[in-house]
Every structure is written in structure tokens, then in C-alpha cells.
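Data block for target-v6.txt (compact mmCIF, C-alpha atoms):
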# COMPACT_ATOMS: atom_id res chain seq x y z
CA MET A 8 -26.73 -8.96 -34.58
CA ALA A 9 -25.52 -10.94 -31.55
CA ARG A 10 -26.24 -9.46 -28.15
CA GLU A 11 -23.31 -8.85 -25.85
CA ARG A 12 -23.27 -11.27 -22.91
CA ARG A 13 -24.16 -9.55 -19.65
CA ARG A 14 -21.41 -9.71 -17.05
CA ARG A 15 -22.28 -10.34 -13.42
CA GLY A 16 -20.67 -10.96 -10.07
CA ALA A 17 -16.92 -11.27 -9.90
CA GLU A 18 -16.47 -10.78 -13.66
CA LEU A 19 -18.26 -7.42 -13.59
CA GLU A 20 -16.45 -6.40 -10.39
CA GLN A 21 -13.07 -7.11 -11.99
CA ALA A 22 -14.06 -5.11 -15.09
CA ILE A 23 -15.03 -2.15 -12.87
CA LEU A 24 -11.81 -2.38 -10.86
CA ARG A 25 -9.72 -2.52 -14.05
CA ALA A 26 -11.58 0.50 -15.44
CA ALA A 27 -11.18 2.44 -12.18
CA ALA A 28 -7.46 1.59 -12.03
CA GLU A 29 -7.05 2.78 -15.64
CA GLU A 30 -8.87 6.03 -14.75
CA LEU A 31 -6.67 6.53 -11.69
CA THR A 32 -3.59 6.05 -13.84
CA ALA A 33 -4.86 8.31 -16.62
CA SER A 34 -6.57 11.08 -14.63
CA GLY A 35 -5.53 10.69 -10.99
CA TYR A 36 -8.01 10.46 -8.16
CA ALA A 37 -9.23 14.03 -8.75
CA GLY A 38 -10.18 13.16 -12.34
CA MET A 39 -11.68 9.75 -11.62
CA THR A 40 -15.48 9.97 -11.75
CA MET A 41 -18.10 7.25 -11.50
CA ASP A 42 -19.32 8.25 -14.99
CA LYS A 43 -15.87 7.78 -16.55
CA VAL A 44 -15.37 4.44 -14.78
CA ALA A 45 -18.81 3.21 -15.87
CA ARG A 46 -18.12 4.14 -19.51
CA ARG A 47 -14.71 2.52 -19.46
CA ALA A 48 -16.09 -0.65 -17.82
CA GLY A 49 -19.07 -0.84 -20.20
CA THR A 50 -21.61 -0.79 -17.38
CA ASN A 51 -23.81 1.70 -15.56
CA LYS A 52 -23.18 3.74 -12.44
CA ASN A 53 -25.74 1.76 -10.43
CA ALA A 54 -23.61 -1.36 -10.82
CA ILE A 55 -20.67 0.57 -9.36
CA TYR A 56 -22.61 2.21 -6.53
CA ARG A 57 -24.01 -1.16 -5.42
CA ARG A 58 -20.45 -2.32 -4.78
CA TRP A 59 -18.75 0.96 -3.83
CA PRO A 60 -21.22 3.51 -2.43
CA GLN A 61 -18.71 6.36 -2.65
CA ARG A 62 -15.90 7.42 -4.94
CA ALA A 63 -13.33 7.11 -2.14
CA ALA A 64 -14.18 3.44 -1.64
CA LEU A 65 -13.80 2.77 -5.36
CA GLY A 66 -10.51 4.70 -5.46
CA ILE A 67 -9.04 2.58 -2.68
CA ALA A 68 -10.33 -0.67 -4.21
CA ALA A 69 -8.84 0.32 -7.56
CA TYR A 70 -5.50 1.14 -5.93
CA LYS A 71 -5.51 -2.27 -4.26
CA HIS A 72 -6.25 -3.79 -7.66
CA VAL A 73 -3.22 -2.01 -9.14
CA ALA A 74 -0.87 -2.61 -6.21
CA ASP A 75 -0.58 -6.29 -5.49
CA THR A 76 -1.20 -6.08 -1.75
CA ARG A 77 0.42 -9.43 -1.10
CA THR A 78 3.66 -8.09 0.27
CA ARG A 79 6.09 -10.97 0.31
CA PRO A 80 8.71 -10.56 2.99
CA PRO A 81 12.25 -11.07 1.72
CA ASP A 82 14.35 -13.80 3.30
CA THR A 83 18.00 -12.83 2.99
CA GLY A 84 19.05 -14.79 6.06
CA SER A 85 19.56 -11.76 8.31
CA LEU A 86 17.32 -9.16 9.91
CA ARG A 87 19.49 -6.36 8.54
CA GLY A 88 19.31 -7.70 4.99
CA ASP A 89 15.56 -8.30 5.22
CA ALA A 90 14.84 -4.85 6.66
CA LEU A 91 16.95 -3.11 4.01
CA GLU A 92 15.25 -5.08 1.25
CA MET A 93 11.78 -4.18 2.61
CA LEU A 94 12.69 -0.48 2.68
CA ARG A 95 14.22 -0.66 -0.80
CA GLN A 96 11.07 -2.30 -2.16
CA ALA A 97 8.90 0.37 -0.53
CA ASN A 98 11.14 3.11 -1.90
CA ALA A 99 10.92 1.66 -5.42
CA THR A 100 7.13 1.37 -5.16
CA TRP A 101 6.68 4.93 -3.89
CA SER A 102 8.49 6.35 -6.92
CA SER A 103 6.69 4.07 -9.41
CA PRO A 104 3.42 4.74 -11.27
CA ARG A 105 1.68 2.72 -8.54
CA GLY A 106 3.20 5.02 -5.94
CA ALA A 107 2.00 8.04 -7.89
CA ILE A 108 -1.57 6.76 -7.53
CA LEU A 109 -1.11 6.34 -3.77
CA ARG A 110 0.42 9.80 -3.46
CA ASP A 111 -2.56 11.20 -5.36
CA LEU A 112 -4.98 9.43 -3.01
CA LEU A 113 -3.11 10.72 0.04
CA ALA A 114 -3.18 14.27 -1.31
CA ALA A 115 -6.94 13.97 -1.87
CA ALA A 116 -7.37 12.74 1.72
CA VAL A 117 -6.58 16.25 2.97
CA ASP A 118 -10.03 17.31 1.76
CA GLU A 119 -11.72 13.94 2.22
CA PRO A 120 -11.12 12.45 5.71
CA ALA A 121 -13.15 9.34 4.85
CA LEU A 122 -10.57 8.56 2.17
CA LEU A 123 -7.71 8.66 4.68
CA ASP A 124 -9.58 6.27 6.99
CA LEU A 125 -10.20 3.89 4.08
CA LEU A 126 -6.56 4.11 3.01
CA ARG A 127 -5.37 3.19 6.49
CA GLU A 128 -7.88 0.39 6.76
CA GLN A 129 -7.64 -1.21 3.32
CA ALA A 130 -4.68 -0.14 1.22
CA GLY A 131 -2.21 -2.83 2.11
CA GLY A 132 -0.90 -1.49 5.43
CA GLY A 133 -2.01 -4.69 7.10
CA ALA A 134 -0.10 -6.82 4.60
CA LEU A 135 2.97 -4.62 4.96
CA ASN A 136 2.85 -4.82 8.76
CA ALA A 137 2.39 -8.58 8.55
CA ALA A 138 5.54 -8.79 6.41
CA TRP A 139 7.51 -6.85 9.05
CA PHE A 140 6.12 -9.13 11.79
CA THR A 141 7.34 -12.09 9.71
CA LEU A 142 10.83 -10.56 9.42
CA LEU A 143 11.06 -10.02 13.15
CA GLY A 144 9.65 -13.47 13.91
CA ARG A 145 12.35 -15.05 11.76
CA ALA A 146 14.99 -12.91 13.47
CA VAL A 147 13.79 -14.15 16.87
CA ALA A 148 13.94 -17.77 15.62
CA ARG A 149 17.53 -17.20 14.42
CA GLY A 150 18.51 -15.63 17.74
CA GLU A 151 19.08 -12.19 16.17
CA ALA A 152 16.34 -10.45 18.12
CA PRO A 153 14.63 -10.85 21.50
CA PRO A 154 10.96 -11.90 21.48
CA GLU A 155 10.07 -8.55 23.11
CA ALA A 156 10.92 -6.80 19.83
CA VAL A 157 7.96 -8.36 18.04
CA GLN A 158 5.41 -5.67 18.80
CA PRO A 159 3.45 -3.14 16.71
CA ARG A 160 5.44 0.02 17.48
CA VAL A 161 8.71 -1.64 16.56
CA VAL A 162 7.20 -3.22 13.43
CA THR A 163 5.82 0.06 12.07
CA LEU A 164 8.85 2.23 12.86
CA PRO A 165 10.96 1.71 9.69
CA MET A 166 8.04 2.56 7.37
CA MET A 167 7.04 5.56 9.49
CA LEU A 168 10.60 6.88 9.26
CA LEU A 169 10.63 6.30 5.50
CA ARG A 170 7.33 8.18 5.10
CA GLY A 171 8.76 11.00 7.19
CA GLU A 172 11.70 11.21 4.78
CA TYR A 173 9.30 11.49 1.82
CA ALA A 174 7.44 14.30 3.58
CA LEU A 175 10.64 16.16 4.49
CA ARG A 176 12.24 15.82 1.07
CA GLY A 177 9.09 16.40 -0.95
CA VAL A 178 10.22 13.83 -3.50
CA PRO A 179 9.07 10.23 -4.01
CA ALA A 180 12.49 8.63 -3.52
CA VAL A 181 14.99 8.51 -0.68
CA PRO A 182 18.75 7.92 -1.18
CA ASP A 183 19.86 4.41 -0.30
CA GLU A 184 22.26 5.68 2.38
CA VAL A 185 19.24 7.02 4.29
CA LEU A 186 17.62 3.58 4.17
CA VAL A 187 20.86 2.11 5.57
CA GLU A 188 20.85 4.72 8.36
CA ILE A 189 17.23 3.92 9.26
CA VAL A 190 18.11 0.24 9.60
CA ASP A 191 21.60 0.50 11.18
CA GLU A 192 21.20 3.57 13.39
CA ILE A 193 17.61 3.27 14.56
CA PHE A 194 15.80 0.01 13.79
CA LEU A 195 18.44 -2.58 14.68
CA PRO A 196 19.53 -0.85 17.93
CA LEU A 197 15.85 -0.59 18.94
CA VAL A 198 15.20 -4.26 18.18
CA ARG A 199 18.29 -5.47 20.02
CA GLY A 200 17.62 -3.23 23.00
CA ARG A 201 14.09 -4.51 23.57
CA GLY A 202 15.27 -7.55 25.52
CA LEU A 203 17.33 -5.35 27.83
CA THR A 204 14.34 -3.32 29.01
CA ALA A 205 12.05 -6.26 29.79

Represent the structure of the file as C-alpha cells.
Amino acid sequence: MARERRRRGAELEQAILRAAAEELTASGYAGMTMDKVARRAGTNKNAIYRRWPQRAALGIAAYKHVADTRTRPPDTGSLRGDALEMLRQANATWSSPRGAILRDLLAAAVDEPALLDLLREQAGGGALNAAWFTLLGRAVARGEAPPEAVQPRVVTLPMMLLRGEYALRGVPAVPDEVLVEIVDEIFLPLVRGRGLTA
């Protein structure tokens, strides 16, 4: 009987992440245990704990594995078009199976503050913000926006407003006309007005 080859390093890590992502999808964060992940990955819990010392850390890593965190900024040729496309992509993600995992993790963060900190730190917010910085940088280069608009509060505003809509509505999707209002009534006037207050 041939012995199964022992996996190590990156290969084992990828197997654990795949197993954890499958558990998140099947059972949600509340049902994801280190035992279940170890069984599904064909390894032992020690191998998991060496890489992720707590369940929250593994949950976030598994979410990142599921959600390709390389957010590619759209390039429609206008700031308005780019901003709308970014919000539409976020809206589609939030109502997808991937979004369900993130919503589950956020709900769990109410009882697990360390999870919320990890989510903020690692779950793609940096990539998303970088994409918005890219959009605004292009708009400045095209003469659509003043350089003063390229700052963190302006960059994060559209997504904060979208998240507020999810919280208010209690559903994982926002009507497209609301996305248009966020861009046309709030974001673009703010961006264009930045140069006037300098």
C-alpha cells in the first residue's frame, strides 16, 4: 500500500485555506471549527494552529482566499463611470455567496472584537481603498478632479455610504438608483468642491 505524500509549506497552507473556505460556505463562521477544517484538509489541528493561532484569523484568511482581494479599478474614461462601476461591483459582491460569508463574519464580530479588527486590517479594505485612490488619481490626471480630492476621507466615502444603505435596509442589495444618487449627489460634488476649499 503506497503511503500518501506529506504536504508541507505553501501546499499544505493552500489545502487548509481551501478547506476553511469550504467550511465557511457550508456552515458559516459560527459552524466553522478547527476540527472540521482539519478533517476536510486531511491534516491535524496543530498544523492549522501553527499558521492561524485563533479561529478568527483562519476565518479571515479563508475569506480572503474565497474573495479575490485584488480589486481591479474599472477604467471607463470618466470618474462618474468608474465610481458607479465600483459601487455596482461592491453591490454585486455583497449579495453573492462571497458576500454572505463576509456578512457572517461581520455578524460574528459583534461577540468577537478581535475578529472585527482582523477584518478591518486584512479583508481587502486596503485593496478596495487603493482602487478608489487609483480612480481619483486618474480623474486628477484627466482634469476631472482637483488634486486636493485625493485623500482618505474622500476615498472611503462612497463605500461607507453603501454600507450604511445595507445597514438601513437590512438586505444585501441596494437599488441602482441609490448608487447613482451616492455618486451624483454626494461623491462628485464633494470631489469637485475640494479644490475650492484649499

Legend entry - Pick from A:Val181, A:Ala134, A:Ala121, A:Ala22, whichever lies nearest to Asn51 in chain A using all atoms listed in the file: A:Ala22

Legend entry - Option closest in space to Ala28 in chain A, from A:Ala69, A:Ile108, A:Ala114, A:Ala97 [counting all atoms listed in the file]: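 For Ala28 in chain A, the nearest of the given residues is A:Ala69.
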
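Minimum atom-to-atom distances from A:Ile55, A:Lys43, A:Gly38, A:Trp139 to Gly16 in chain A were compared using only C-alpha atoms, and the lowest value belongs to A:Ile55.
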
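Relative to CA of Arg95 in chain A, CA of Val187 in chain A is found at 9.6 Å.
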
Legend entry - Point-to-point distance from CA of Leu195 in chain A to CA of Ala180 in chain A, Å rounded to tenths: 22.2 Å

Proximity of range 54-144 of chain A to range 171-178 of chain A: per-residue shortest pair, 12 Å limit, only C-alpha atoms, as CSV:
residue,atom,partner,partner_atom,distance
A:Leu94,CA,A:Glu172,CA,11.9
A:Ala97,CA,A:Tyr173,CA,11.4
A:Asn98,CA,A:Tyr173,CA,9.4
A:Trp101,CA,A:Tyr173,CA,9.1
A:Ser102,CA,A:Val178,CA,8.4
A:Ser103,CA,A:Val178,CA,11.9
A:Gly106,CA,A:Val178,CA,11.5
A:Ala107,CA,A:Val178,CA,11.0
A:Arg110,CA,A:Tyr173,CA,10.5
A:Leu113,CA,A:Ala174,CA,11.7
A:Ala114,CA,A:Ala174,CA,11.7

Inset, instruction - Between CA of Val162 in chain A and CA of Thr141 in chain A, measure the distance and give it in Å to one decimal. - result: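 Interatomic distance here is 9.6 Å.
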
Legend entry - Selected residue of minimal separation from Pro182 in chain A among A:Glu30, A:Met166, A:Ala99, A:Asp124, counting all atoms listed in the file: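 Selected residue with least distance to Pro182 in chain A: A:Ala99.
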
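For the point (-4.7, 2.3, -5.3) in file coordinates, the residues within 9 Å, using only C-alpha atoms, are Ala28, Leu31, Gly66, Ile67, Ala68, Ala69, Tyr70, Lys71, His72, Val73, Ala74, Arg105, Gly106, Ile108, Leu109, Leu112, Leu126 and Ala130 of chain A.
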
Inset, instruction - Within 8 Å of Glu151 in chain A, counting all atoms listed in the file, which residues show up once you throw out same-chain ones fewer than 4 positions away? Write them as a PyMOL selection string, please. - result: chain A and resi 85-86+146-147+199

Would you write out those residues with C-alpha atoms, as a PDB file, in the frame of the given file?
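That gives us result_26.pdb:
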ATOM      1  CA  SER A  85      19.560 -11.760   8.310  1.00  0.00           C
ATOM      2  CA  LEU A  86      17.320  -9.160   9.910  1.00  0.00           C
ATOM      3  CA  ALA A 146      14.990 -12.910  13.470  1.00  0.00           C
ATOM      4  CA  VAL A 147      13.790 -14.150  16.870  1.00  0.00           C
ATOM      5  CA  ARG A 199      18.290  -5.470  20.020  1.00  0.00           C
TER       6      ARG A 199
END

Inset, instruction - Within 12 Å of Asn53 in chain A, counting only C-alpha atoms, which residues show up once you throw out same-chain ones fewer than 5 positions away? Write them as a ChimeraX atom specification, please. - result: /A:23,41-42,44-45,58-61

Take the point (17.1, -16.0, 8.9) in the file's coordinates, draw a sphere of radius 12 Å around it, and report as an mmCIF file with C-alpha atoms, in the frame of the given file every protein, DNA or RNA residue with an atom inside or on it, counting only C-alpha atoms.
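And here's result_0.cif as it stands now:
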data_model
loop_
_atom_site.group_PDB
_atom_site.id
_atom_site.type_symbol
_atom_site.label_atom_id
_atom_site.label_comp_id
_atom_site.auth_asym_id
_atom_site.auth_seq_id
_atom_site.Cartn_x
_atom_site.Cartn_y
_atom_site.Cartn_z
ATOM 1 C CA PRO A 80 8.710 -10.560 2.990
ATOM 2 C CA PRO A 81 12.250 -11.070 1.720
ATOM 3 C CA ASP A 82 14.350 -13.800 3.300
ATOM 4 C CA THR A 83 18.000 -12.830 2.990
ATOM 5 C CA GLY A 84 19.050 -14.790 6.060
ATOM 6 C CA SER A 85 19.560 -11.760 8.310
ATOM 7 C CA LEU A 86 17.320 -9.160 9.910
ATOM 8 C CA ARG A 87 19.490 -6.360 8.540
ATOM 9 C CA GLY A 88 19.310 -7.700 4.990
ATOM 10 C CA ASP A 89 15.560 -8.300 5.220
ATOM 11 C CA ALA A 90 14.840 -4.850 6.660
ATOM 12 C CA THR A 141 7.340 -12.090 9.710
ATOM 13 C CA LEU A 142 10.830 -10.560 9.420
ATOM 14 C CA LEU A 143 11.060 -10.020 13.150
ATOM 15 C CA GLY A 144 9.650 -13.470 13.910
ATOM 16 C CA ARG A 145 12.350 -15.050 11.760
ATOM 17 C CA ALA A 146 14.990 -12.910 13.470
ATOM 18 C CA VAL A 147 13.790 -14.150 16.870
ATOM 19 C CA ALA A 148 13.940 -17.770 15.620
ATOM 20 C CA ARG A 149 17.530 -17.200 14.420
ATOM 21 C CA GLY A 150 18.510 -15.630 17.740
ATOM 22 C CA GLU A 151 19.080 -12.190 16.170
ATOM 23 C CA ALA A 152 16.340 -10.450 18.120
#

Inset, instruction - Pick out the closest residue to Glu119 in chain A from this set: A:Ala54, A:Ala64, A:Leu197, A:Met39. Count all atoms listed in the file. - result: A:Ala64
